[in-house]
file my_file.pdb (PDB, C-alpha atoms and all ligand atoms)
ATOM      1  CA  MET C 220     140.275 106.606 102.328
ATOM      2  CA  ILE C 221     138.131 109.568 103.252
ATOM      3  CA  ILE C 222     137.662 110.081 106.971
ATOM      4  CA  ARG C 223     134.579 111.678 108.410
ATOM      5  CA  SER C 224     134.646 113.117 111.903
ATOM      6  CA  ALA C 225     131.251 111.674 112.845
ATOM      7  CA  GLY C 226     128.408 109.657 111.422
ATOM      8  CA  GLY C 227     130.383 106.636 110.304
ATOM      9  CA  PRO C 228     132.650 105.838 107.406
ATOM     10  CA  ALA C 229     132.381 107.325 103.953
ATOM     11  CA  THR C 230     130.480 105.491 101.259
ATOM     12  CA  SER C 231     133.725 105.026  99.406
ATOM     13  CA  GLU C 232     135.124 102.714 102.019
ATOM     14  CA  ILE C 233     133.776  99.311 101.063
ATOM     15  CA  THR C 234     133.915 100.104  97.374
ATOM     16  CA  PRO C 235     137.229  99.652  95.597
ATOM     17  CA  ARG C 236     138.386 103.139  94.587
ATOM     18  CA  ARG C 237     138.187 102.433  90.846
ATOM     19  CA  VAL C 238     134.541 101.436  91.117
ATOM     20  CA  TRP C 239     133.708 104.268  93.468
ATOM     21  CA  LEU C 240     135.118 106.898  91.159
ATOM     22  CA  SER C 241     133.182 105.702  88.153
ATOM     23  CA  ARG C 242     130.116 105.340  90.338
ATOM     24  CA  ARG C 243     130.292 109.076  91.190
ATOM     25  CA  GLN C 244     130.290 109.870  87.480
ATOM     26  CA  TRP C 245     127.374 107.522  86.953
ATOM     27  CA  LEU C 246     125.420 109.137  89.785
ATOM     28  CA  THR C 247     125.624 112.559  88.246
ATOM     29  CA  GLY C 248     123.809 111.138  85.239
ATOM     30  CA  ALA C 249     120.246 110.104  84.674
ATOM     31  CA  VAL C 250     120.006 107.581  87.479
ATOM     32  CA  ALA C 251     120.361 110.251  90.138
ATOM     33  CA  ALA C 252     117.050 111.667  88.962
ATOM     34  CA  GLY C 253     115.351 108.260  89.127
ATOM     35  CA  ALA C 254     112.616 106.974  91.370
ATOM     36  CA  VAL C 255     112.801 107.991  94.998
ATOM     37  CA  GLY C 256     110.548 105.757  97.043
ATOM     38  CA  MET C 257     108.645 106.742 100.156
ATOM     39  CA  LEU C 258     109.353 104.687 103.238
ATOM     40  CA  VAL C 259     106.502 102.216 103.508
ATOM     41  CA  PRO C 260     105.527 101.722 107.142
ATOM     42  CA  LEU C 261     107.006  98.544 108.566
ATOM     43  CA  GLY C 262     104.720  95.580 108.338
ATOM     44  CA  ARG C 263     102.726  96.741 105.336
ATOM     45  CA  GLN C 264     104.908  94.884 102.893
ATOM     46  CA  ALA C 265     103.648  91.383 103.601
ATOM     47  CA  ARG C 266     100.681  89.544 104.982
ATOM     48  CA  ALA C 267      99.750  90.824 108.397
ATOM     49  CA  GLY C 268     100.608  88.367 111.134
ATOM     50  CA  THR C 269     103.568  86.832 109.348
ATOM     51  CA  LEU C 270     105.770  87.467 112.342
ATOM     52  CA  ALA C 271     103.328  86.751 115.143
ATOM     53  CA  GLY C 272     104.654  84.461 117.835
ATOM     54  CA  ALA C 273     108.405  84.749 117.276
ATOM     55  CA  THR C 274     110.026  83.230 120.339
ATOM     56  CA  LYS C 275     113.025  84.705 122.132
ATOM     57  CA  THR C 276     115.972  82.328 122.064
ATOM     58  CA  ARG C 277     119.240  82.142 123.930
ATOM     59  CA  TYR C 278     120.871  84.212 121.177
ATOM     60  CA  GLN C 279     120.463  87.622 122.804
ATOM     61  CA  VAL C 280     123.473  89.890 123.186
ATOM     62  CA  GLU C 281     123.122  92.218 126.115
ATOM     63  CA  ASP C 282     124.450  95.360 124.412
ATOM     64  CA  LYS C 283     121.898  98.107 123.828
ATOM     65  CA  ALA C 284     120.059  97.598 120.550
ATOM     66  CA  THR C 285     120.672 100.148 117.796
ATOM     67  CA  SER C 286     117.652 102.394 117.138
ATOM     68  CA  LEU C 287     115.129 101.258 114.539
ATOM     69  CA  GLU C 288     115.769 104.556 112.750
ATOM     70  CA  ASP C 289     119.494 103.800 112.344
ATOM     71  CA  VAL C 290     118.948 100.122 111.488
ATOM     72  CA  THR C 291     116.599 101.112 108.666
ATOM     73  CA  HIS C 292     118.267 104.318 107.393
ATOM     74  CA  TYR C 293     121.992 103.540 107.441
ATOM     75  CA  ASN C 294     122.245 100.666 105.012
ATOM     76  CA  ASN C 295     124.397  98.984 102.423
ATOM     77  CA  PHE C 296     122.284  97.675  99.548
ATOM     78  CA  TYR C 297     124.145  98.555  96.376
ATOM     79  CA  GLU C 298     121.283  97.428  94.150
ATOM     80  CA  PHE C 299     119.636 100.693  95.261
ATOM     81  CA  GLY C 300     122.714 102.925  95.331
ATOM     82  CA  THR C 301     125.972 103.194  97.227
ATOM     83  CA  ASP C 302     125.087 105.992  99.652
ATOM     84  CA  LYS C 303     123.939 104.886 103.085
ATOM     85  CA  ASP C 304     120.573 106.661 102.847
ATOM     86  CA  GLU C 305     119.690 105.514  99.328
ATOM     87  CA  PRO C 306     118.307 102.059 100.210
ATOM     88  CA  ALA C 307     115.757 103.615 102.614
ATOM     89  CA  ARG C 308     114.792 106.290 100.096
ATOM     90  CA  ARG C 309     114.481 103.999  97.110
ATOM     91  CA  ALA C 310     113.950 100.346  98.061
ATOM     92  CA  PRO C 311     110.529 100.576  99.783
ATOM     93  CA  GLY C 312     108.946 102.145  96.701
ATOM     94  CA  LEU C 313     110.626  99.864  94.187
ATOM     95  CA  LEU C 314     111.225  96.390  95.631
ATOM     96  CA  ARG C 315     108.262  94.003  95.454
ATOM     97  CA  PRO C 316     108.846  91.403  98.183
ATOM     98  CA  ARG C 317     105.698  89.392  97.325
ATOM     99  CA  PRO C 318     105.099  87.197  95.455
ATOM    100  CA  TRP C 319     108.667  85.878  95.852
ATOM    101  CA  THR C 320     110.176  82.507  95.147
ATOM    102  CA  VAL C 321     113.526  80.998  96.069
ATOM    103  CA  ARG C 322     115.172  78.425  93.797
ATOM    104  CA  VAL C 323     117.057  75.688  95.647
ATOM    105  CA  GLU C 324     119.180  73.430  93.450
ATOM    106  CA  GLY C 325     122.486  71.684  92.920
ATOM    107  CA  GLU C 326     123.818  68.854  95.061
ATOM    108  CA  CYS C 327     120.617  67.956  96.885
ATOM    109  CA  ALA C 328     118.040  65.172  96.661
ATOM    110  CA  ALA C 329     114.997  67.450  96.670
ATOM    111  CA  PRO C 330     115.647  70.567  94.561
ATOM    112  CA  ALA C 331     112.645  72.888  94.275
ATOM    113  CA  THR C 332     111.499  76.414  93.645
ATOM    114  CA  VAL C 333     109.480  77.427  96.667
ATOM    115  CA  ASP C 334     107.347  80.363  97.647
ATOM    116  CA  VAL C 335     109.066  82.428 100.326
ATOM    117  CA  ASP C 336     106.116  82.056 102.718
ATOM    118  CA  ASP C 337     106.396  78.296 102.378
ATOM    119  CA  LEU C 338     110.117  78.545 103.117
ATOM    120  CA  ILE C 339     109.390  80.670 106.185
ATOM    121  CA  ARG C 340     107.182  77.871 107.502
ATOM    122  CA  SER C 341     110.200  75.506 107.576
ATOM    123  CA  SER C 342     110.706  76.298 111.247
ATOM    124  CA  ALA C 343     109.215  78.352 114.096
ATOM    125  CA  LEU C 344     110.154  82.027 113.968
ATOM    126  CA  GLU C 345     112.704  83.200 116.515
ATOM    127  CA  GLU C 346     113.886  86.583 117.701
ATOM    128  CA  ARG C 347     117.661  86.829 117.944
ATOM    129  CA  ILE C 348     119.570  89.906 119.020
ATOM    130  CA  TYR C 349     122.888  89.805 117.203
ATOM    131  CA  ARG C 350     125.880  92.092 116.807
ATOM    132  CA  HIS C 351     126.271  93.236 113.195
ATOM    133  CA  ARG C 352     129.765  94.372 112.129
ATOM    134  CA  CYS C 353     130.487  95.930 108.755
ATOM    135  CA  VAL C 354     133.967  95.692 107.231
ATOM    136  CA  GLU C 355     133.834  99.504 106.960
ATOM    137  CA  GLY C 356     134.373  99.713 110.730
ATOM    138  CA  TRP C 357     130.880 100.417 112.042
ATOM    139  CA  SER C 358     128.640  98.089 114.016
ATOM    140  CA  MET C 359     125.063  97.771 115.245
ATOM    141  CA  VAL C 360     123.007  95.500 117.499
ATOM    142  CA  ILE C 361     119.857  94.272 115.743
ATOM    143  CA  PRO C 362     116.844  92.293 116.982
ATOM    144  CA  TRP C 363     116.163  90.071 113.977
ATOM    145  CA  VAL C 364     113.188  87.786 113.455
ATOM    146  CA  GLY C 365     113.768  84.701 111.360
ATOM    147  CA  LEU C 366     114.653  81.031 111.286
ATOM    148  CA  PRO C 367     117.802  78.933 111.440
ATOM    149  CA  LEU C 368     119.388  78.541 108.018
ATOM    150  CA  SER C 369     119.995  74.831 108.717
ATOM    151  CA  ALA C 370     116.257  74.180 109.121
ATOM    152  CA  VAL C 371     115.636  75.548 105.640
ATOM    153  CA  LEU C 372     118.596  73.812 104.009
ATOM    154  CA  ASP C 373     117.765  70.412 105.532
ATOM    155  CA  ARG C 374     114.425  70.377 103.691
ATOM    156  CA  PHE C 375     116.221  70.018 100.377
ATOM    157  CA  GLN C 376     118.396  67.106 101.511
ATOM    158  CA  PRO C 377     121.925  68.161 100.532
ATOM    159  CA  THR C 378     124.071  65.237  99.336
ATOM    160  CA  SER C 379     127.594  64.378 100.493
ATOM    161  CA  ARG C 380     128.917  66.335  97.491
ATOM    162  CA  ALA C 381     127.410  69.555  98.886
ATOM    163  CA  LYS C 382     130.617  71.065 100.262
ATOM    164  CA  TYR C 383     129.483  74.662  99.851
ATOM    165  CA  VAL C 384     126.281  76.695  99.580
ATOM    166  CA  ALA C 385     126.046  79.563  97.079
ATOM    167  CA  PHE C 386     123.472  82.344  97.431
ATOM    168  CA  GLU C 387     122.252  84.930  94.941
ATOM    169  CA  SER C 388     120.207  88.095  95.351
ATOM    170  CA  LEU C 389     117.562  89.354  92.990
ATOM    171  CA  ALA C 390     119.062  91.562  90.271
ATOM    172  CA  ASP C 391     115.998  92.972  88.521
ATOM    173  CA  PRO C 392     116.837  96.273  86.804
ATOM    174  CA  ALA C 393     113.159  97.278  86.925
ATOM    175  CA  GLN C 394     113.144  97.148  90.727
ATOM    176  CA  MET C 395     116.807  97.799  91.444
ATOM    177  CA  PRO C 396     118.238 100.829  89.655
ATOM    178  CA  GLY C 397     121.773 100.032  90.795
ATOM    179  CA  THR C 398     121.788  96.837  88.714
ATOM    180  CA  ARG C 399     121.042  98.572  85.417
ATOM    181  CA  ASP C 400     124.713  99.142  84.712
ATOM    182  CA  ARG C 401     126.445  95.763  84.665
ATOM    183  CA  THR C 402     129.874  97.160  83.829
ATOM    184  CA  LEU C 403     130.612  98.501  87.337
ATOM    185  CA  PHE C 404     129.439  95.613  89.482
ATOM    186  CA  PRO C 405     129.135  91.905  88.670
ATOM    187  CA  TRP C 406     125.398  91.532  89.386
ATOM    188  CA  PRO C 407     123.729  89.587  90.829
ATOM    189  CA  TYR C 408     125.151  90.010  94.341
ATOM    190  CA  ARG C 409     126.552  86.596  95.297
ATOM    191  CA  GLU C 410     127.770  85.036  98.480
ATOM    192  CA  GLY C 411     128.869  81.631  99.687
ATOM    193  CA  LEU C 412     129.530  79.554 102.764
ATOM    194  CA  ARG C 413     131.155  76.240 103.516
ATOM    195  CA  ILE C 414     128.398  73.736 104.300
ATOM    196  CA  ASP C 415     129.410  73.452 107.967
ATOM    197  CA  GLU C 416     129.254  77.247 108.318
ATOM    198  CA  ALA C 417     125.820  77.268 106.702
ATOM    199  CA  MET C 418     124.592  74.536 109.050
ATOM    200  CA  HIS C 419     125.986  76.274 112.153
ATOM    201  CA  PRO C 420     123.250  77.162 114.677
ATOM    202  CA  LEU C 421     124.166  80.879 114.530
ATOM    203  CA  ALA C 422     123.552  81.111 110.761
ATOM    204  CA  PHE C 423     120.153  82.729 110.402
ATOM    205  CA  LEU C 424     117.671  83.702 107.701
ATOM    206  CA  ALA C 425     115.996  86.953 108.724
ATOM    207  CA  VAL C 426     112.487  87.813 107.597
ATOM    208  CA  GLY C 427     111.931  90.658 110.032
ATOM    209  CA  LEU C 428     113.466  92.992 112.577
ATOM    210  CA  TYR C 429     112.143  94.754 115.657
ATOM    211  CA  GLY C 430     109.165  92.361 115.512
ATOM    212  CA  GLU C 431     108.046  93.599 112.094
ATOM    213  CA  THR C 432     108.323  92.323 108.538
ATOM    214  CA  LEU C 433     111.781  92.963 107.085
ATOM    215  CA  PRO C 434     111.937  96.447 105.520
ATOM    216  CA  ALA C 435     112.888  96.498 101.842
ATOM    217  CA  GLN C 436     116.158  98.315 102.547
ATOM    218  CA  ASN C 437     117.259  95.565 104.952
ATOM    219  CA  GLY C 438     116.850  92.848 102.314
ATOM    220  CA  ALA C 439     113.168  91.919 102.125
ATOM    221  CA  PRO C 440     111.702  89.419 102.052
ATOM    222  CA  ILE C 441     114.530  87.139 103.224
ATOM    223  CA  ARG C 442     118.240  87.689 103.884
ATOM    224  CA  LEU C 443     121.135  85.912 105.522
ATOM    225  CA  VAL C 444     122.498  86.991 108.910
ATOM    226  CA  LEU C 445     125.935  85.641 109.893
ATOM    227  CA  PRO C 446     126.885  87.565 113.022
ATOM    228  CA  TRP C 447     130.483  86.316 113.256
ATOM    229  CA  LYS C 448     131.336  87.499 109.741
ATOM    230  CA  TYR C 449     131.582  90.951 108.190
ATOM    231  CA  GLY C 450     128.168  92.211 107.141
ATOM    232  CA  PHE C 451     128.784  91.835 103.426
ATOM    233  CA  LYS C 452     128.492  88.040 103.787
ATOM    234  CA  SER C 453     124.868  88.561 104.944
ATOM    235  CA  ILE C 454     123.323  88.645 101.491
ATOM    236  CA  LYS C 455     119.963  90.365 101.048
ATOM    237  CA  SER C 456     116.800  89.582  99.052
ATOM    238  CA  VAL C 457     117.833  86.001  98.293
ATOM    239  CA  VAL C 458     116.349  84.302  95.211
ATOM    240  CA  SER C 459     118.699  81.369  94.752
ATOM    241  CA  ILE C 460     120.413  78.812  96.978
ATOM    242  CA  ARG C 461     122.705  76.278  95.359
ATOM    243  CA  PHE C 462     124.516  73.339  96.970
ATOM    244  CA  GLN C 463     127.812  72.708  95.210
ATOM    245  CA  GLU C 464     131.097  70.882  95.410
ATOM    246  CA  ALA C 465     133.226  73.866  94.338
ATOM    247  CA  ARG C 466     133.791  76.986  96.380
ATOM    248  CA  PRO C 467     131.389  79.666  95.110
ATOM    249  CA  GLU C 468     132.498  82.913  93.578
ATOM    250  CA  THR C 469     131.401  85.939  95.612
ATOM    251  CA  PHE C 470     130.562  89.506  94.618
ATOM    252  CA  TRP C 471     133.194  91.354  96.643
ATOM    253  CA  ASN C 472     135.903  88.738  96.232
ATOM    254  CA  ARG C 473     135.503  88.995  92.467
ATOM    255  CA  LEU C 474     135.751  92.790  92.580
ATOM    256  CA  ALA C 475     138.751  92.992  94.919
ATOM    257  CA  PRO C 476     140.180  89.574  95.906
ATOM    258  CA  SER C 477     143.017  91.041  97.983
ATOM    259  CA  GLU C 478     140.514  93.014 100.082
ATOM    260  CA  TYR C 479     137.603  90.631 100.600
ATOM    261  CA  GLY C 480     138.352  86.999 101.348
ATOM    262  CA  PHE C 481     135.936  84.088 101.141
ATOM    263  CA  TYR C 482     135.665  83.602 104.902
ATOM    264  CA  SER C 483     135.642  87.242 106.036
ATOM    265  CA  ASN C 484     135.288  86.409 109.702
ATOM    266  CA  VAL C 485     135.387  89.464 111.957
ATOM    267  CA  ASN C 486     139.030  89.547 113.087
ATOM    268  CA  PRO C 487     140.734  92.479 114.848
ATOM    269  CA  GLY C 488     144.110  90.949 113.946
ATOM    270  CA  VAL C 489     143.644  91.000 110.177
ATOM    271  CA  ASP C 490     143.459  94.516 108.795
ATOM    272  CA  HIS C 491     141.737  95.410 105.583
ATOM    273  CA  PRO C 492     144.427  96.782 103.215
ATOM    274  CA  ARG C 493     142.876 100.255 103.456
ATOM    275  CA  TRP C 494     141.921 100.415 107.131
ATOM    276  CA  SER C 495     142.491  98.806 110.518
ATOM    277  CA  GLN C 496     139.943  96.386 111.958
ATOM    278  CA  ALA C 497     141.209  96.727 115.543
ATOM    279  CA  LYS C 498     138.363  99.034 116.568
ATOM    280  CA  GLU C 499     134.850  99.814 115.465
ATOM    281  CA  ARG C 500     132.271 102.538 115.879
ATOM    282  CA  ARG C 501     128.940 101.361 117.244
ATOM    283  CA  ILE C 502     126.333 103.449 115.422
ATOM    284  CA  GLY C 503     124.824 105.855 117.960
ATOM    285  CA  GLU C 504     127.998 105.935 120.085
ATOM    286  CA  PHE C 505     130.877 108.356 119.891
ATOM    287  CA  LEU C 506     133.939 106.479 121.105
ATOM    288  CA  ARG C 507     135.346 103.555 119.196
ATOM    289  CA  ARG C 508     135.334 100.181 120.924
ATOM    290  CA  PRO C 509     137.701  97.256 120.406
ATOM    291  CA  THR C 510     136.636  94.748 117.765
ATOM    292  CA  LEU C 511     135.987  91.287 119.183
ATOM    293  CA  MET C 512     137.344  88.127 117.551
ATOM    294  CA  PHE C 513     134.541  86.547 115.513
ATOM    295  CA  ASN C 514     132.505  89.606 116.601
ATOM    296  CA  GLY C 515     132.195  88.132 120.100
ATOM    297  CA  TYR C 516     131.006  84.707 118.906
ATOM    298  CA  ALA C 517     134.369  82.905 119.211
ATOM    299  CA  GLU C 518     133.087  80.387 121.731
ATOM    300  CA  GLU C 519     130.477  79.210 119.259
ATOM    301  CA  VAL C 520     132.328  79.357 115.945
ATOM    302  CA  ALA C 521     136.120  79.155 116.509
ATOM    303  CA  GLY C 522     135.963  75.366 116.066
ATOM    304  CA  LEU C 523     134.837  75.804 112.449
ATOM    305  CA  TYR C 524     138.275  77.196 111.628
ATOM    306  CA  ALA C 525     140.508  74.975 113.768
ATOM    307  CA  GLY C 526     143.866  74.438 112.092
ATOM    308  CA  MET C 527     143.370  77.226 109.544
ATOM    309  CA  ASP C 528     145.684  80.204 109.202
ATOM    310  CA  LEU C 529     143.104  82.995 109.287
ATOM    311  CA  LYS C 530     145.690  85.604 108.292
ATOM    312  CA  ARG C 531     146.357  83.836 105.007
ATOM    313  CA  ASP C 532     142.896  82.338 104.449
ATOM    314  CA  PHE C 533     140.938  85.416 105.509
TER     315      PHE C 533
HETATM  316  N1  LIG P 601     123.253  92.156  99.949
HETATM  317  C1  LIG P 601     123.008  92.645  98.726
HETATM  318  N2  LIG P 601     122.232  91.951  97.876
HETATM  319  N3  LIG P 601     123.514  93.842  98.302
HETATM  320  C2  LIG P 601     124.338  94.587  99.113
HETATM  321  O1  LIG P 601     124.806  95.666  98.694
HETATM  322  N4  LIG P 601     125.469  94.762 101.275
HETATM  323  C3  LIG P 601     126.103  93.972 102.324
HETATM  324  C4  LIG P 601     125.096  93.050 103.030
HETATM  325  N5  LIG P 601     124.252  92.373 102.074
HETATM  326  C5  LIG P 601     124.625  94.090 100.413
HETATM  327  C6  LIG P 601     124.037  92.865 100.810
HETATM  328  C7  LIG P 601     126.795  94.777 103.315
HETATM  329  S1  LIG P 601     128.254  95.510 102.799
HETATM  330  C8  LIG P 601     126.347  94.921 104.592
HETATM  331  S2  LIG P 601     127.285  95.691 105.781
HETATM  332  C9  LIG P 601     125.004  94.438 104.986
HETATM  333  O2  LIG P 601     124.300  93.831 103.907
HETATM  334  C10 LIG P 601     124.200  95.611 105.479
HETATM  335  O3  LIG P 601     122.984  95.179 106.017
HETATM  336  P1  LIG P 601     121.985  96.265 106.641
HETATM  337  O4  LIG P 601     121.802  97.347 105.627
HETATM  338  O5  LIG P 601     120.721  95.528 106.946
HETATM  339  O6  LIG P 601     122.664  96.791 107.892
END
call {"tool": "encode", "arguments": {"input": "my_file.pdb", "output": "structure tokens"}}
result
Amino acid sequence: MIIRSAGGPATSEITPRRVWLSRRQWLTGAVAAGAVGMLVPLGRQARAGTLAGATKTRYQVEDKATSLEDVTHYNNFYEFGTDKDEPARRAPGLLRPRPWTVRVEGECAAPATVDVDDLIRSSALEERIYRHRCVEGWSMVIPWVGLPLSAVLDRFQPTSRAKYVAFESLADPAQMPGTRDRTLFPWPYREGLRIDEAMHPLAFLAVGLYGETLPAQNGAPIRLVLPWKYGFKSIKSVVSIRFQEARPETFWNRLAPSEYGFYSNVNPGVDHPRWSQAKERRIGEFLRRPTLMFNGYAEEVAGLYAGMDLKRDF
């Protein structure tokens, strides 16, 4: 692991070393010279007024919110590159967040492919200020705008066989240069939740942040936010939701199963094989702070894992 004195962890940290090394070789090639997008001002990427009237809810952590600049310029979105500044440089000029549809299928009575704006109307928009903790050891506090995941899922009437929910991101090589090479990463980006995790009131679908439409680099037009889990579970730019009986395969678990478990709940007592999770660096702060169990949401979510050995089933 490469350690930097300031400014957060190295890009190489989340990426298994084998992939990271070949990625460096790949970057020196043609793709490095590819499209570099300009940052489109927030709010210009979707119909004006989409986010009007978001109500503040009880989900407001009191910690100081991370600056908009950091939230939108220090990102992980490998479809646009593995360096933290690449999503902000490339995604706004390349990703087309409208028109956008989401396919909902599998073990449900009312499968459908729906326009994202129709999906957004499933429930009133809320503002929620959540802690956001990356497995790389950095954290932020982000004021999201969005809707409860359960409100969206309920519309499609999952059956009793829907034990899990699988999510997929867009993987369009024309818009996402990082997906052009399918030998390094198993595109599309995939994630999954147990159905009771997905239906938990904290599970959120974000369509904006800081009161504005979600910037491309943060996963426009719609992304998951699961504040008690490591950030990689919060899949961006979702195009597919599937109810299923079997546990879904996930992007990081497939790449490095010993490093990234299915649950990936924030847990200071379970270290990543390459680095400790006991502390974290809040972006914008200098000193490290202790990591909180379930990222500070234990009271709400611990019951989901009652009786499980979280060291073994991490
Ligand atoms: N979703 C997709 N499709 N592709 C990604 O590379 N990165 C994940 C997650 N969702 C990622 C993704 C990781 S590792 C983190 S920490 C968060 O998005 C980062 O979200 P942010 O850039 O909005 O802070």
call {"tool": "resolve_selection", "arguments": {"input": "my_file.pdb", "expression": "the PyMOL selection byres (((chain C and resi 306) around 8) and not hetatm)", "output": "PyMOL selection string"}}
result
chain C and resi 292+294-297+299-300+302-305+307-311+435-436
call {"tool": "atom_distance", "arguments": {"input": "my_file.pdb", "atom1": "atom C4 of ligand LIG 601 (chain P)", "atom2": "atom CA of C:Val290"}}
result
12.6 Å
call {"tool": "residues_near_ligand", "arguments": {"input": "my_file.pdb", "ligand": "ligand LIG 601 (chain P)", "cutoff": "7 Å", "atoms": "all atoms listed in the file", "output": "list in words"}}
result
Ile233, Val290, Tyr293, Asn294, Asn295, Phe296, Tyr297, Glu298, Arg352, Cys353, Val354, Ser388, Tyr408, Gln436, Asn437, Gly438, Tyr449, Gly450, Phe451, Lys452, Ser453, Ile454, Lys455 and Ser456 of chain C
call {"tool": "closest_residue", "arguments": {"input": "my_file.pdb", "among": "C:Val457, C:Val520, C:Ala465, C:Met527", "to": "C:Leu389", "atoms": "all atoms listed in the file"}}
result
C:Val457
call {"tool": "residues_around", "arguments": {"input": "my_file.pdb", "residues": "C:Arg347", "least_positions_apart": "4", "cutoff": "12 Å", "atoms": "all atoms listed in the file", "output": "PyMOL selection string"}}
result
chain C and resi 273-281+284+351+360-367+420-430+444-446
call {"tool": "atom_distance", "arguments": {"input": "my_file.pdb", "atom1": "atom CA of C:Arg322", "atom2": "atom CA of C:Leu344"}}
result
21.1 Å
call {"tool": "closest_residue", "arguments": {"input": "my_file.pdb", "among": "C:Met359, C:Met418, C:Leu474, C:Ile348", "to": "C:Phe404", "atoms": "all atoms listed in the file"}}
result
C:Leu474
call {"tool": "closest_residue", "arguments": {"input": "my_file.pdb", "among": "C:Leu314, C:Val489, C:Leu506, C:Leu287", "to": "C:Gln394", "atoms": "all atoms listed in the file"}}
result
C:Leu314
call {"tool": "closest_residue", "arguments": {"input": "my_file.pdb", "among": "C:Gly272, C:Pro467, C:Pro330, C:Gly356", "to": "C:Asn486", "atoms": "only C-alpha atoms"}}
result
C:Gly356
call {"tool": "atom_distance", "arguments": {"input": "my_file.pdb", "atom1": "atom CA of C:Ala381", "atom2": "atom CA of C:Arg531"}}
result
24.5 Å
call {"tool": "closest_residue", "arguments": {"input": "my_file.pdb", "among": "C:Ser342, C:Gly325, C:Asp289, C:Asp400", "to": "C:Ile502", "atoms": "only C-alpha atoms"}}
result
C:Asp289
call {"tool": "resolve_selection", "arguments": {"input": "my_file.pdb", "expression": "the PyMOL selection byres (((chain C and resi 321) around 8) and not hetatm)", "output": "list in words"}}
result
Trp319, Thr320, Arg322, Val323, Thr332, Val333, Asp334, Val335, Val457, Val458, Ser459 and Ile460 of chain C
call {"tool": "write_last_selection", "arguments": {"input": "my_file.pdb", "atoms": "C-alpha atoms", "output": "PDB file, in the frame of the given file"}}
result
ATOM      1  CA  TRP C 319     108.667  85.878  95.852  1.00  0.00           C
ATOM      2  CA  THR C 320     110.176  82.507  95.147  1.00  0.00           C
ATOM      3  CA  ARG C 322     115.172  78.425  93.797  1.00  0.00           C
ATOM      4  CA  VAL C 323     117.057  75.688  95.647  1.00  0.00           C
ATOM      5  CA  THR C 332     111.499  76.414  93.645  1.00  0.00           C
ATOM      6  CA  VAL C 333     109.480  77.427  96.667  1.00  0.00           C
ATOM      7  CA  ASP C 334     107.347  80.363  97.647  1.00  0.00           C
ATOM      8  CA  VAL C 335     109.066  82.428 100.326  1.00  0.00           C
ATOM      9  CA  VAL C 457     117.833  86.001  98.293  1.00  0.00           C
ATOM     10  CA  VAL C 458     116.349  84.302  95.211  1.00  0.00           C
ATOM     11  CA  SER C 459     118.699  81.369  94.752  1.00  0.00           C
ATOM     12  CA  ILE C 460     120.413  78.812  96.978  1.00  0.00           C
TER      13      ILE C 460
END
call {"tool": "closest_residue", "arguments": {"input": "my_file.pdb", "among": "C:Leu313, C:Pro440, C:Ile414, C:Tyr349", "to": "C:Pro392", "atoms": "all atoms listed in the file"}}
result
C:Leu313
call {"tool": "resolve_selection", "arguments": {"input": "my_file.pdb", "expression": "the PyMOL selection byres (((chain C and resi 410) around 6) and not hetatm)", "output": "ChimeraX atom specification"}}
result
/C:385-386,409,411,469
call {"tool": "residues_around", "arguments": {"input": "my_file.pdb", "residues": "C:Glu464", "least_positions_apart": "6", "cutoff": "8 Å", "atoms": "only C-alpha atoms", "output": "ChimeraX atom specification"}}
result
/C:326,380-383
